[in-house]
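J.: You'll find work04.txt just under this line, and it carries compact mmCIF, C-alpha atoms and all ligand atoms.
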```txt
# COMPACT_ATOMS: atom_id res chain seq x y z
CA MET A 1 122.24 61.38 -43.90
CA GLY A 2 123.52 61.54 -40.35
CA LEU A 3 120.16 61.78 -38.63
CA PRO A 4 117.70 58.95 -37.97
CA GLY A 5 115.25 58.23 -40.78
CA HIS A 6 112.54 56.60 -38.67
CA HIS A 7 110.81 58.56 -35.93
CA PRO A 8 108.23 58.01 -33.18
CA GLN A 9 104.72 58.94 -34.27
CA ASP A 10 103.34 62.21 -32.91
CA ASP A 11 101.08 60.23 -30.59
CA LEU A 12 104.23 59.20 -28.69
CA LEU A 13 105.96 62.58 -28.93
CA PHE A 14 102.86 64.46 -27.70
CA GLY A 15 102.35 61.87 -24.94
CA TYR A 16 105.96 62.30 -23.87
CA ALA A 17 105.61 66.12 -23.89
CA GLY A 18 102.35 66.06 -21.91
CA GLY A 19 103.53 63.48 -19.39
CA GLY A 20 101.05 60.70 -20.15
CA LEU A 21 103.56 58.16 -21.48
CA ARG A 22 104.61 55.52 -19.01
CA GLU A 23 108.20 54.78 -18.05
CA ALA A 24 109.35 52.21 -20.63
CA ARG A 25 107.82 54.03 -23.61
CA SER A 26 109.26 57.31 -22.32
CA LEU A 27 112.71 55.70 -22.17
CA LEU A 28 112.55 54.71 -25.85
CA VAL A 29 111.28 58.12 -26.91
CA ALA A 30 113.77 60.06 -24.75
CA THR A 31 116.69 57.97 -26.05
CA HIS A 32 115.56 58.57 -29.64
CA LEU A 33 115.51 62.31 -28.83
CA ALA A 34 119.22 62.14 -28.00
CA TYR A 35 119.82 61.02 -31.61
CA CYS A 36 117.21 63.22 -33.25
CA PRO A 37 117.19 67.07 -33.21
CA SER A 38 114.10 66.97 -35.43
CA CYS A 39 111.98 65.18 -32.84
CA ARG A 40 113.44 67.39 -30.09
CA GLU A 41 111.97 70.36 -31.98
CA ARG A 42 108.59 68.67 -32.25
CA VAL A 43 108.55 67.77 -28.55
CA ALA A 44 109.44 71.38 -27.68
CA ALA A 45 106.51 72.55 -29.83
CA PHE A 46 104.15 70.09 -28.08
CA GLU A 47 105.43 71.24 -24.69
CA ALA A 48 104.79 74.85 -25.73
CA GLN A 49 101.22 73.86 -26.66
CA CYS A 50 100.72 72.24 -23.24
CA GLY A 51 102.19 75.39 -21.69
CA ALA A 52 99.65 77.50 -23.59
CA TRP A 53 96.80 75.31 -22.31
CA PHE A 54 98.22 75.56 -18.81
CA ASP A 55 98.32 79.35 -19.17
CA GLU A 56 94.62 79.42 -20.13
CA THR A 57 93.66 77.98 -16.72
CA PRO A 58 92.11 80.79 -14.64
CA SER A 59 94.38 82.19 -11.92
CA VAL A 60 91.66 82.37 -9.32
CA SER A 61 91.33 80.52 -6.06
CA ALA A 62 87.99 80.10 -4.34
CA ASP A 63 89.06 80.57 -0.72
CA GLY A 64 92.21 81.40 1.20
CA HIS A 65 93.71 77.92 1.39
CA LEU A 66 96.43 78.74 -1.14
CA ASP A 67 97.48 81.71 1.02
CA ALA A 68 98.04 79.31 3.89
CA ILE A 69 100.28 77.18 1.67
CA LEU A 70 102.27 80.28 0.69
CA GLU A 71 102.76 81.07 4.39
CA ARG A 72 104.14 77.58 4.94
CA LEU A 73 106.40 77.89 1.88
CA HIS A 74 107.88 81.14 3.21
CA GLY A 75 109.31 79.19 6.11
CA ARG A 76 111.05 76.76 3.74
CA LEU A 77 112.49 79.10 1.13
CA GLY A 78 115.60 80.02 3.08
CA ALA A 79 116.12 76.55 4.52
CA GLU A 80 116.32 74.48 1.34
CA PRO A 81 119.72 74.09 -0.31
CA ARG A 82 119.95 75.92 -3.61
CA ALA A 83 120.33 73.97 -6.82
CA SER A 84 123.96 73.82 -7.76
CA VAL A 85 125.33 73.25 -11.24
CA PRO A 86 125.96 69.50 -11.53
CA PRO A 87 129.59 68.52 -12.21
CA PRO A 88 130.27 67.58 -15.85
CA ARG A 89 129.61 63.92 -16.48
CA PRO A 90 132.61 61.74 -17.17
CA ARG A 91 133.11 61.22 -20.89
CA PRO A 92 131.88 57.76 -21.89
CA ALA A 93 134.86 55.42 -22.02
CA THR A 94 134.12 53.74 -25.33
CA ALA A 95 132.94 54.95 -28.72
CA GLU A 96 129.97 52.62 -28.50
CA ALA A 97 128.60 54.27 -25.33
CA VAL A 98 124.89 54.96 -25.70
CA PRO A 99 123.62 58.49 -24.95
CA GLU A 100 121.57 59.61 -21.96
CA PRO A 101 119.08 58.91 -20.59
CA LEU A 102 119.64 55.24 -21.45
CA ARG A 103 123.28 55.17 -20.30
CA SER A 104 122.37 55.99 -16.69
CA TRP A 105 119.41 53.63 -16.77
CA LEU A 106 121.62 50.78 -17.98
CA ASP A 107 124.21 51.58 -15.35
CA GLY A 108 127.04 49.84 -17.22
CA PRO A 109 128.16 49.00 -20.75
CA VAL A 110 125.48 47.75 -23.14
CA ARG A 111 127.13 44.34 -23.57
CA ASP A 112 127.74 43.86 -19.88
CA ARG A 113 124.46 42.00 -19.25
CA VAL A 114 122.99 38.64 -18.53
CA TRP A 115 121.56 37.47 -21.87
CA THR A 116 118.90 34.87 -22.56
CA ALA A 117 119.02 33.22 -25.99
CA MET A 118 115.64 33.24 -27.80
CA VAL A 119 117.13 31.22 -30.67
CA PRO A 120 120.80 30.74 -31.59
CA GLY A 121 122.19 34.18 -32.38
CA VAL A 122 119.35 36.23 -30.85
CA TRP A 123 119.45 37.28 -27.20
CA VAL A 124 117.27 39.31 -24.86
CA SER A 125 118.73 41.01 -21.78
CA SER A 126 117.56 40.09 -18.33
CA TRP A 127 117.93 43.82 -17.62
CA SER A 128 114.57 45.53 -17.92
CA ARG A 129 112.95 48.78 -16.87
CA GLY A 130 109.32 49.76 -16.78
CA THR A 131 106.04 49.34 -14.97
CA GLY A 132 102.71 47.62 -15.37
CA GLY A 133 103.50 45.09 -18.09
CA SER A 134 105.29 47.62 -20.29
CA LEU A 135 109.00 46.78 -20.27
CA ALA A 136 112.13 47.99 -22.00
CA ARG A 137 114.82 45.34 -22.64
CA LEU A 138 117.85 45.00 -24.88
CA LEU A 139 117.74 42.80 -27.98
CA ARG A 140 120.96 41.54 -29.55
CA MET A 141 121.22 39.95 -33.01
CA ALA A 142 124.33 38.22 -34.34
CA PRO A 143 125.37 39.28 -37.87
CA GLY A 144 122.92 38.01 -40.50
CA VAL A 145 120.73 36.11 -38.02
CA THR A 146 116.94 36.35 -38.33
CA VAL A 147 114.63 36.71 -35.33
CA PRO A 148 111.96 34.01 -35.80
CA ALA A 149 108.63 35.27 -37.15
CA HIS A 150 106.47 36.36 -34.28
CA ARG A 151 103.31 38.30 -33.71
CA HIS A 152 102.79 40.84 -30.96
CA GLU A 153 99.43 40.95 -29.28
CA ALA A 154 100.26 44.49 -28.13
CA ALA A 155 102.60 47.19 -29.40
CA GLU A 156 106.24 46.52 -30.18
CA MET A 157 108.93 49.15 -30.63
CA LEU A 158 112.62 48.95 -31.43
CA LEU A 159 115.30 51.62 -31.17
CA VAL A 160 118.61 50.83 -32.90
CA LEU A 161 121.62 51.44 -30.61
CA GLU A 162 124.31 49.71 -32.63
CA GLY A 163 124.56 48.13 -36.09
CA ALA A 164 121.51 47.82 -38.33
CA PHE A 165 118.73 45.37 -39.25
CA ARG A 166 116.11 44.94 -41.93
CA ASP A 167 112.63 43.46 -42.14
CA GLU A 168 109.52 43.60 -44.36
CA TYR A 169 109.16 47.32 -43.60
CA GLY A 170 112.65 48.64 -44.33
CA ARG A 171 116.26 48.91 -43.19
CA PHE A 172 116.94 50.51 -39.83
CA ARG A 173 120.10 51.99 -38.38
CA LEU A 174 121.49 54.06 -35.49
CA GLY A 175 118.84 56.07 -33.66
CA ASP A 176 115.89 54.82 -35.74
CA LEU A 177 112.74 54.10 -33.75
CA ILE A 178 110.37 51.59 -35.37
CA GLN A 179 106.78 51.05 -34.22
CA TYR A 180 104.85 47.90 -35.07
CA GLU A 181 101.08 47.85 -34.86
CA PRO A 182 99.50 45.35 -32.44
CA GLY A 183 98.78 42.09 -34.22
CA SER A 184 101.40 42.64 -36.91
CA ASP A 185 104.22 40.19 -37.57
CA HIS A 186 107.65 40.66 -39.06
CA HIS A 187 111.01 38.97 -39.64
CA ALA A 188 113.95 41.07 -38.42
CA THR A 189 117.41 40.18 -39.78
CA GLY A 190 120.62 41.70 -38.43
CA ASP A 191 123.11 43.23 -40.89
CA GLU A 192 125.96 41.01 -42.06
CA ALA A 193 128.49 43.70 -41.11
CA GLY A 194 128.22 43.26 -37.34
CA GLU A 195 126.05 42.68 -34.32
CA CYS A 196 122.89 44.74 -33.99
CA ILE A 197 121.75 45.90 -30.56
CA CYS A 198 118.34 47.48 -30.02
CA LEU A 199 116.29 48.81 -27.15
CA LEU A 200 113.09 46.79 -27.26
CA LEU A 201 109.67 47.63 -25.87
CA VAL A 202 107.56 44.62 -24.97
CA GLU A 203 103.93 44.88 -23.98
CA GLY A 204 101.68 41.87 -23.75
CA GLU A 205 102.13 38.44 -25.26
CA VAL A 206 104.59 37.57 -28.02
CA VAL A 207 103.51 34.63 -30.23
CA PHE A 208 106.11 32.80 -32.30
CA LEU A 209 104.59 31.71 -35.60
CA ASP A 210 107.01 29.00 -36.65
CA GLU A 211 106.66 27.00 -33.43
CA PRO A 212 103.92 24.65 -32.29
CA GLY A 213 102.89 26.61 -29.21
CA PRO A 214 103.05 30.20 -27.95
CA THR A 215 106.27 31.20 -26.24
CA ALA A 216 106.92 34.29 -24.23
CA MET B 1 106.36 94.65 -28.44
CA SER B 2 108.60 96.65 -26.13
CA ALA B 3 107.23 95.39 -22.80
CA ALA B 4 109.20 92.40 -21.51
CA PRO B 5 107.05 89.39 -20.54
CA PRO B 6 106.40 89.98 -16.83
CA PHE B 7 106.53 86.37 -15.63
CA ASP B 8 109.84 85.76 -17.39
CA ASP B 9 111.25 88.73 -15.46
CA LEU B 10 109.85 87.47 -12.17
CA ILE B 11 111.50 84.06 -12.60
CA LEU B 12 114.78 85.75 -13.54
CA ALA B 13 114.49 87.95 -10.42
CA VAL B 14 114.16 84.82 -8.28
CA ALA B 15 117.15 83.27 -10.07
CA ARG B 16 119.40 86.31 -9.71
CA HIS B 17 118.36 87.98 -6.47
CA ARG B 18 116.30 85.43 -4.53
CA ASP B 19 113.56 88.05 -4.84
CA ARG B 20 110.75 86.99 -2.47
CA ALA B 21 108.26 89.57 -3.73
CA ALA B 22 108.78 88.17 -7.24
CA PHE B 23 108.25 84.66 -5.86
CA ASP B 24 104.97 85.72 -4.19
CA ALA B 25 103.74 87.23 -7.46
CA LEU B 26 104.63 84.02 -9.31
CA TYR B 27 102.85 82.01 -6.63
CA ARG B 28 99.66 84.06 -6.89
CA HIS B 29 99.66 83.60 -10.66
CA PHE B 30 100.66 79.95 -10.96
CA ALA B 31 99.51 78.19 -7.75
CA PRO B 32 95.78 78.27 -8.70
CA LYS B 33 96.64 76.96 -12.20
CA ILE B 34 98.74 74.11 -10.78
CA GLU B 35 96.01 73.14 -8.34
CA ALA B 36 93.27 73.28 -11.00
CA TYR B 37 95.37 71.18 -13.40
CA VAL B 38 96.17 68.46 -10.87
CA LEU B 39 92.53 68.30 -9.76
CA ARG B 40 91.43 68.00 -13.42
CA LEU B 41 93.74 65.02 -13.76
CA GLY B 42 91.91 63.26 -10.96
CA SER B 43 93.90 63.83 -7.80
CA ASP B 44 92.14 64.76 -4.60
CA ARG B 45 92.51 68.10 -2.91
CA SER B 46 95.24 67.22 -0.41
CA VAL B 47 97.42 65.69 -3.13
CA ALA B 48 96.89 68.78 -5.30
CA GLU B 49 97.89 71.08 -2.45
CA GLU B 50 101.01 69.06 -1.81
CA LEU B 51 101.95 69.27 -5.47
CA VAL B 52 101.44 73.05 -5.46
CA GLN B 53 103.99 73.29 -2.65
CA ASP B 54 106.36 70.88 -4.33
CA VAL B 55 106.25 72.67 -7.69
CA MET B 56 106.64 76.17 -6.23
CA LEU B 57 109.55 75.06 -4.07
CA THR B 58 111.17 73.49 -7.16
CA LEU B 59 110.62 76.78 -8.99
CA TRP B 60 112.41 78.63 -6.17
CA LEU B 61 115.34 76.21 -6.07
CA ARG B 62 115.77 75.74 -9.81
CA ALA B 63 114.94 79.19 -11.19
CA GLU B 64 118.48 79.35 -12.64
CA THR B 65 117.58 76.65 -15.14
CA PHE B 66 114.87 78.82 -16.73
CA ASP B 67 115.88 80.04 -20.18
CA PRO B 68 113.37 82.49 -21.70
CA VAL B 69 114.78 81.79 -25.17
CA GLN B 70 113.92 78.09 -24.85
CA ALA B 71 110.44 78.31 -23.36
CA SER B 72 107.82 80.71 -22.04
CA ALA B 73 107.34 81.05 -18.27
CA ALA B 74 104.06 79.09 -18.45
CA THR B 75 105.66 76.28 -20.48
CA TRP B 76 108.58 76.05 -18.07
CA VAL B 77 106.24 75.87 -15.06
CA PHE B 78 104.10 73.30 -16.88
CA THR B 79 107.14 71.05 -17.40
CA ILE B 80 107.90 71.25 -13.65
CA VAL B 81 104.28 70.33 -12.82
CA ARG B 82 104.43 67.43 -15.30
CA ASN B 83 107.74 66.10 -13.93
CA ARG B 84 106.80 66.46 -10.26
CA ARG B 85 103.44 64.79 -10.93
CA ILE B 86 105.16 61.79 -12.53
CA ASP B 87 107.59 61.63 -9.60
CA ARG B 88 105.25 62.27 -6.68
CA ILE B 89 101.89 60.92 -7.85
CA ARG B 90 102.80 58.20 -10.33
CA ARG B 91 106.05 57.36 -8.54
CA GLU B 92 107.93 56.81 -11.78
CA ALA B 93 111.09 58.30 -13.20
CA ARG B 94 110.93 60.54 -16.25
CA PRO B 95 113.78 59.81 -18.64
CA ALA B 96 115.02 62.84 -20.59
CA PRO B 97 117.99 63.46 -22.88
CA ASP B 98 120.84 65.47 -21.37
CA PRO B 99 121.98 68.34 -23.61
CA HIS B 100 125.38 68.33 -21.85
CA ASP B 101 125.93 64.62 -22.43
CA PRO B 102 129.34 64.19 -24.16
CA ALA B 103 128.02 61.06 -25.92
CA MET B 104 125.61 63.28 -27.87
CA ALA B 105 128.56 65.12 -29.46
CA THR B 106 129.94 61.84 -30.84
CA LEU B 107 126.75 61.11 -32.83
CA PRO B 108 126.71 61.58 -36.61
CA PRO B 109 126.22 65.29 -37.38
CA PRO B 110 123.26 66.41 -39.51
CA SER B 111 123.84 67.39 -43.14
CA PRO B 112 123.16 71.06 -44.09
CA GLU B 113 119.79 70.03 -45.61
CA GLU B 114 118.86 68.17 -42.44
CA GLU B 115 119.91 71.17 -40.36
CA ALA B 116 117.60 73.44 -42.35
CA GLN B 117 114.72 70.97 -41.98
CA VAL B 118 115.23 70.70 -38.22
CA ALA B 119 114.97 74.47 -37.86
CA LEU B 120 111.56 74.38 -39.55
CA ASP B 121 110.18 71.35 -37.70
CA GLY B 122 108.90 73.07 -34.57
CA ARG B 123 107.44 75.98 -36.48
CA PHE B 124 105.37 73.69 -38.69
CA VAL B 125 103.87 71.97 -35.65
CA ARG B 126 102.92 75.35 -34.18
CA ASP B 127 101.38 76.50 -37.49
CA ALA B 128 99.47 73.24 -37.91
CA MET B 129 98.06 73.46 -34.36
CA LYS B 130 96.50 76.81 -35.27
CA LYS B 131 94.72 75.33 -38.29
CA LEU B 132 92.93 72.52 -36.41
CA SER B 133 89.18 72.66 -35.81
CA PRO B 134 88.09 73.47 -32.22
CA GLU B 135 86.92 69.85 -31.82
CA GLN B 136 90.28 68.47 -32.94
CA THR B 137 92.18 70.85 -30.65
CA GLU B 138 90.00 69.82 -27.73
CA ALA B 139 90.56 66.14 -28.46
CA LEU B 140 94.34 66.70 -28.40
CA ARG B 141 94.10 68.74 -25.20
CA LEU B 142 92.08 66.12 -23.32
CA SER B 143 94.20 63.24 -24.59
CA TYR B 144 97.75 64.58 -24.19
CA TYR B 145 97.48 67.47 -21.75
CA GLU B 146 94.84 66.06 -19.42
CA ASP B 147 96.06 62.48 -19.92
CA LYS B 148 92.57 61.07 -20.53
CA SER B 149 91.82 57.77 -22.25
CA HIS B 150 89.65 57.74 -25.37
CA SER B 151 86.71 56.33 -23.42
CA GLU B 152 87.08 58.93 -20.67
CA ILE B 153 86.95 61.66 -23.32
CA ALA B 154 83.86 60.09 -24.91
CA GLU B 155 82.11 59.94 -21.56
CA GLU B 156 83.07 63.45 -20.51
CA ARG B 157 82.07 65.05 -23.83
CA ARG B 158 79.07 62.75 -24.36
CA ILE B 159 80.20 61.74 -27.83
CA PRO B 160 80.65 58.25 -29.32
CA LEU B 161 84.03 56.60 -28.79
CA GLY B 162 84.43 56.35 -32.57
CA THR B 163 84.12 60.13 -32.88
CA VAL B 164 86.91 60.64 -30.34
CA LYS B 165 89.19 58.31 -32.27
CA THR B 166 88.31 59.96 -35.61
CA ARG B 167 89.03 63.45 -34.30
CA LEU B 168 92.35 62.43 -32.79
CA ARG B 169 93.40 60.58 -35.92
CA ALA B 170 92.46 63.57 -38.11
CA ALA B 171 94.30 66.02 -35.82
CA LEU B 172 97.47 63.91 -35.77
CA ALA B 173 97.31 63.50 -39.56
CA GLN B 174 97.20 67.29 -39.89
CA LEU B 175 100.32 67.65 -37.74
CA ARG B 176 102.12 64.96 -39.73
CA ARG B 177 101.11 66.54 -43.05
CA SER B 178 102.69 69.78 -41.95
CA VAL B 179 106.07 68.07 -42.03
CA LYS B 180 105.60 65.99 -45.17
CA GLU B 181 104.60 68.99 -47.29
CA THR B 182 107.98 70.54 -46.69
CA ALA B 183 110.08 67.42 -47.09
ZN ZN A 301 113.16 61.60 -34.65
```
As structure tokens, what does this structure read like?
Ligand SMILES: [Zn+2]
T.:
Amino acid sequence: MGLPGHHPQDDLLFGYAGGGLREARSLLVATHLAYCPSCRERVAAFEAQCGAWFDETPSVSADGHLDAILERLHGRLGAEPRASVPPPRPRPATAEAVPEPLRSWLDGPVRDRVWTAMVPGVWVSSWSRGTGGSLARLLRMAPGVTVPAHRHEAAEMLLVLEGAFRDEYGRFRLGDLIQYEPGSDHHATGDEAGECICLLLVEGEVVFLDEPGPTA
Amino acid sequence: MSAAPPFDDLILAVARHRDRAAFDALYRHFAPKIEAYVLRLGSDRSVAEELVQDVMLTLWLRAETFDPVQASAATWVFTIVRNRRIDRIRREARPAPDPHDPAMATLPPPSPEEEAQVALDGRFVRDAMKKLSPEQTEALRLSYYEDKSHSEIAEERRIPLGTVKTRLRAALAQLRRSVKETA
């Protein structure tokens, strides 16, 4: 049972293969792929399907404008430096190093962040990546601590990078990607055994249910 | 099936010998497809022409990375178009796993059963795609390949929004079933 047990839905995998997924969602999917050979196979199959559709496009051009572009390209072919094989990446220093692409995007160890406490024992990183209201952040839970009940007006996703947590829907561990429907609520509790760190996708408003007013 | 796929060979000729005649043949085949695709996705003509140049230059410079065992020529070119479009038109980065990443080797290895299942995964998707109705296939194509929203698809095909959603949901359920049946 080495491989993840919870996978992105095909809507995400197909969107990632076709190029429609935006940056933050792509980061969660691509990082899951590093953990999951099964989803890598599915993405490759979706890419092959897109390639087949691409191949069906007629290879005809109405006028000669593409010939003019080829002429221009001829002048550049010799001038551009050839792609060289990149040097091997340095081996991650610690056993807890997360895989690519997230490691490069974090640009430093997972724990080496500025953290904001949501409640005692639950922190969100100030580090974020993404565009247009769709952001990836890190979520950190102390052992056995519960994230207060909250409802997401838009989609929420979690990818487990370290440790494990459980909620109404199951128990989740390394490499698992969990999708929550918009409008759903859940209580996530970190495992007693150690801290749990997740990559978190936030889109739209988050409403805490146990507090008098909405909090972001 | 004795004839080697011609476009595979042309890309390999560019990779190995910097073969300009092979490049021209690839250009004549793929440039119109790239332009048509980018126009379909809503870019104007000058942007599409720029992307044609960008993609074909990338093909020339990175032909060594083409592996005919991993992907067909058309699929490989499509992934370049997709990545360059995200970079040049959407101005975003495209995160991707790195097969040479040493951190990947430290992850828990799959069990023999998992290994066997992984080998089947891609094939089941390909088989399931062939069994979809033409309407379901079209819904997938417009949504994931042409990057259209549900309402854009409804408008373009002149069908109710609910029908678009139903077709997509049914198509995705078919793909998912293909895995479950074997699990
Ligand atoms: Zn997976």
J.: Show which residues sit within 6 Å of stretch 89-101 of chain B, as a ChimeraX atom specification. Count only C-alpha atoms, and ignore same-chain residues fewer than 5 positions away.
T.: /A:27,30,34,100-101
J.: When you get a sec, could you note down which chain A residues fall within 7 Å of chain B, using only C-alpha atoms, as a ChimeraX atom specification?
T.: /A:1-3,10,14-15,18-20,23,26-27,30-31,33-34,37-38,41-42,45,47-48,50-52,54-55,57-61,69,73,82-83,91-92,97-101
J.: What's the separation between atom CA of A:Met141 and atom CA of A:Glu195, in Å to one decimal place?
T.: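 Atom-to-atom, atom CA of A:Met141 to atom CA of A:Glu195, that is 5.7 Å.
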J.: Per residue of chain A within 7 Å of ligand ZN 301 (chain A), note the shortest atom pair and the distance in Å to one decimal, counting all atoms listed in the file, and order the rows by chain and increasing residue number, as JSON lines.
T.:
```
{"residue": "A:Pro4", "atom": "CA", "partner": "A:ZN301", "partner_atom": "ZN", "distance": 6.2}
{"residue": "A:His6", "atom": "CA", "partner": "A:ZN301", "partner_atom": "ZN", "distance": 6.4}
{"residue": "A:His7", "atom": "CA", "partner": "A:ZN301", "partner_atom": "ZN", "distance": 4.0}
{"residue": "A:Pro8", "atom": "CA", "partner": "A:ZN301", "partner_atom": "ZN", "distance": 6.3}
{"residue": "A:His32", "atom": "CA", "partner": "A:ZN301", "partner_atom": "ZN", "distance": 6.3}
{"residue": "A:Leu33", "atom": "CA", "partner": "A:ZN301", "partner_atom": "ZN", "distance": 6.3}
{"residue": "A:Cys36", "atom": "CA", "partner": "A:ZN301", "partner_atom": "ZN", "distance": 4.6}
{"residue": "A:Pro37", "atom": "CA", "partner": "A:ZN301", "partner_atom": "ZN", "distance": 6.9}
{"residue": "A:Ser38", "atom": "CA", "partner": "A:ZN301", "partner_atom": "ZN", "distance": 5.5}
{"residue": "A:Cys39", "atom": "CA", "partner": "A:ZN301", "partner_atom": "ZN", "distance": 4.2}
```
J.: Have a look at atom CA of A:Val119 and atom CA of A:Arg25 and let me know their distance in Å, one decimal.
T.: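 Atom CA of A:Arg25 lies 25.6 Å from atom CA of A:Val119.
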J.: Between A:Asp11, A:Glu181, A:Glu205, A:Asp107, which has the minimum distance to A:Trp127 (counting only C-alpha atoms)?
T.: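 Using only C-alpha atoms, A:Trp127 sits closest to A:Asp107.
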